[in-house]
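Enquirer: Following this message is one structure expressed as structure tokens.
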Amino acid sequence: EKEIKELERLLEEEKKQQEMLENRIIAKIEELKEIATKKAEPKVEVKDINEPVKVTVPTGFLSYEIESYKGIKEQGKDKLDIYFGQSKQDIRNYFGGSPKEIRDYDEMEMYDIFYAYYDEDDRCTGIGIYNQEVYKDKIALYMFGHNLITMTYREIVKLIKKNDYNAIEDDDGIISLKYGISVDPRETSNYKDEISEVIHIFKKGYYDEVYENF
């Protein structure tokens, strides 16, 4: 009986040692798996959170907002960049120097994208853009939350009439005396579904003589 108990004790110890060995083997396998996984993972460079983030902006692209009867400003700014009553020299300076074209007979100067009209005192009375098709990838001009540069003439007319029921439309274009903006279509057969030719904003009183009955 003593021999049987001794054998049972030895067998129990052997089982315990076997279990300990198995556990060590399993732990070693898991450790090797973890090491292999880390080696397979690509190295990720951790940057300083205080490092400035570089944002890529299209070179030369400008985004403006129209403020009715006031002027235009770059989006995100509080101050107007071009405003009615501003001097001719200040506007020339803003656009970087001399205009590309000067029309003395109606006091208009053409710059790179914009043009400006002036009164006899060389103060700005109107601002606009000719030929939006050419400049649609260089500039955005927002009004009523929409970029007018990329809209068709038909879309702009619909937008203006939605905000001004008294907008005046004829064969030459559409004018909103409420918001101080006029838009001319292109001289093509399909002009309504093409980008417009001219977007013009003006100071109060600009069209008073022409539309004194409206």
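Within each chain, counting starts at residue 1; across the structure tokens, chains are named A, B, ... in the order shown, with ligands numbered 1 upward in that order.
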As a list of chain:residue names, please: the residues near Lys204 in chain A (cut-off 12 Å, only C-alpha atoms, same-chain neighbours under 5 positions excluded).

Expert: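 Result of the neighbour search: A:Ser68, A:Tyr69, A:Lys70, A:Gly71, A:Phe84, A:Gly85, A:Cys124, A:Thr125, A:Gly126, A:Ser176, A:Leu177, A:Lys178, A:Tyr179, A:Gly180, A:Ile181, A:Glu209.
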
Enquirer: Keeping only N, CA and C atoms, write the selected residues to a file as a PDB file, in the first residue's frame.

Expert:
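In the end it all went to out.pdb:
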ATOM      1  N   SER A  68     -23.093  93.548 -50.766  1.00  0.00           N
ATOM      2  CA  SER A  68     -23.930  94.418 -51.579  1.00  0.00           C
ATOM      3  C   SER A  68     -23.739  95.892 -51.248  1.00  0.00           C
ATOM      4  N   TYR A  69     -23.536  96.683 -52.297  1.00  0.00           N
ATOM      5  CA  TYR A  69     -23.377  98.128 -52.216  1.00  0.00           C
ATOM      6  C   TYR A  69     -22.191  98.559 -51.352  1.00  0.00           C
ATOM      7  N   LYS A  70     -21.276  97.608 -51.087  1.00  0.00           N
ATOM      8  CA  LYS A  70     -20.080  97.942 -50.320  1.00  0.00           C
ATOM      9  C   LYS A  70     -18.807  97.628 -51.098  1.00  0.00           C
ATOM     10  N   GLY A  71     -18.667  96.386 -51.586  1.00  0.00           N
ATOM     11  CA  GLY A  71     -17.469  95.995 -52.304  1.00  0.00           C
ATOM     12  C   GLY A  71     -17.241  94.499 -52.193  1.00  0.00           C
ATOM     13  N   PHE A  84     -16.426 100.584 -52.692  1.00  0.00           N
ATOM     14  CA  PHE A  84     -16.898 101.734 -53.447  1.00  0.00           C
ATOM     15  C   PHE A  84     -16.510 103.015 -52.726  1.00  0.00           C
ATOM     16  N   GLY A  85     -15.953 103.948 -53.497  1.00  0.00           N
ATOM     17  CA  GLY A  85     -15.416 105.169 -52.931  1.00  0.00           C
ATOM     18  C   GLY A  85     -13.911 105.092 -52.714  1.00  0.00           C
ATOM     19  N   CYS A 124     -13.861 104.675 -56.833  1.00  0.00           N
ATOM     20  CA  CYS A 124     -14.476 103.474 -57.403  1.00  0.00           C
ATOM     21  C   CYS A 124     -16.001 103.510 -57.309  1.00  0.00           C
ATOM     22  N   THR A 125     -16.650 103.199 -58.438  1.00  0.00           N
ATOM     23  CA  THR A 125     -18.118 103.146 -58.485  1.00  0.00           C
ATOM     24  C   THR A 125     -18.630 101.749 -58.848  1.00  0.00           C
ATOM     25  N   GLY A 126     -17.755 100.928 -59.438  1.00  0.00           N
ATOM     26  CA  GLY A 126     -18.185  99.590 -59.840  1.00  0.00           C
ATOM     27  C   GLY A 126     -16.995  98.645 -59.970  1.00  0.00           C
ATOM     28  N   SER A 176     -30.058  93.424 -60.382  1.00  0.00           N
ATOM     29  CA  SER A 176     -30.757  93.492 -59.103  1.00  0.00           C
ATOM     30  C   SER A 176     -30.386  94.806 -58.432  1.00  0.00           C
ATOM     31  N   LEU A 177     -31.350  95.734 -58.399  1.00  0.00           N
ATOM     32  CA  LEU A 177     -31.109  96.993 -57.706  1.00  0.00           C
ATOM     33  C   LEU A 177     -31.155  96.791 -56.194  1.00  0.00           C
ATOM     34  N   LYS A 178     -31.777  95.725 -55.753  1.00  0.00           N
ATOM     35  CA  LYS A 178     -31.836  95.427 -54.322  1.00  0.00           C
ATOM     36  C   LYS A 178     -30.464  95.050 -53.787  1.00  0.00           C
ATOM     37  N   TYR A 179     -29.695  94.293 -54.579  1.00  0.00           N
ATOM     38  CA  TYR A 179     -28.397  93.795 -54.115  1.00  0.00           C
ATOM     39  C   TYR A 179     -27.204  94.407 -54.841  1.00  0.00           C
ATOM     40  N   GLY A 180     -27.471  95.284 -55.806  1.00  0.00           N
ATOM     41  CA  GLY A 180     -26.363  95.972 -56.461  1.00  0.00           C
ATOM     42  C   GLY A 180     -25.492  95.082 -57.311  1.00  0.00           C
ATOM     43  N   ILE A 181     -26.121  94.233 -58.128  1.00  0.00           N
ATOM     44  CA  ILE A 181     -25.353  93.324 -58.983  1.00  0.00           C
ATOM     45  C   ILE A 181     -26.040  93.198 -60.347  1.00  0.00           C
ATOM     46  N   GLU A 209     -30.349 106.679 -62.896  1.00  0.00           N
ATOM     47  CA  GLU A 209     -30.863 107.397 -64.055  1.00  0.00           C
ATOM     48  C   GLU A 209     -31.449 106.448 -65.090  1.00  0.00           C
TER      49      GLU A 209
END

Enquirer: Give the alpha helix (DSSP H) residues of chain A, as assigned by DSSP on the backbone, as a PyMOL selection string.

Expert: chain A and resi 2-40+88-94+132-135+153-163

Enquirer: Contacts of range 171-173 of chain A at 8 Å or less, counting only C-alpha atoms, minus same-chain residues fewer than 5 places along, as a PyMOL selection string?

Expert: chain A and resi 182-185

Enquirer: Hey, which of A:Tyr165, A:Tyr153, A:Tyr206, A:Tyr83 ends up closest to Tyr191 in chain A? Count only C-alpha atoms.

Expert: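 Smallest separation from Tyr191 in chain A among the options: A:Tyr153.
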
Enquirer: Please list as a ChimeraX atom specification every residue within 9 Å of Ile199 in chain A, counting only C-alpha atoms and excluding residues in the same chain fewer than 2 positions away.

Expert: /A:127-132,148-149,181-184,196-197,201

Enquirer: Pick out the residues sitting within 10 Å of Gln89 in chain A, and hand them over as a list in words; count only C-alpha atoms, and ignore anything fewer than 4 positions along from it in its own chain.

Expert: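 So the residues in contact are Asn93, Tyr94, Phe95, Gly97, Ser98, Asp122 and Arg123 of chain A.
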
Enquirer: Could you state the separation of CA of Asp170 in chain A and CA of Tyr64 in chain A in Å, given to one decimal place?

Expert: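 According to the coordinates, CA of Asp170 in chain A and CA of Tyr64 in chain A are separated by 27.4 Å.
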
Enquirer: Using Å and a single decimal, report how far CA of Phe202 in chain A sits from CA of Ile72 in chain A.

Expert: 10.6 Å
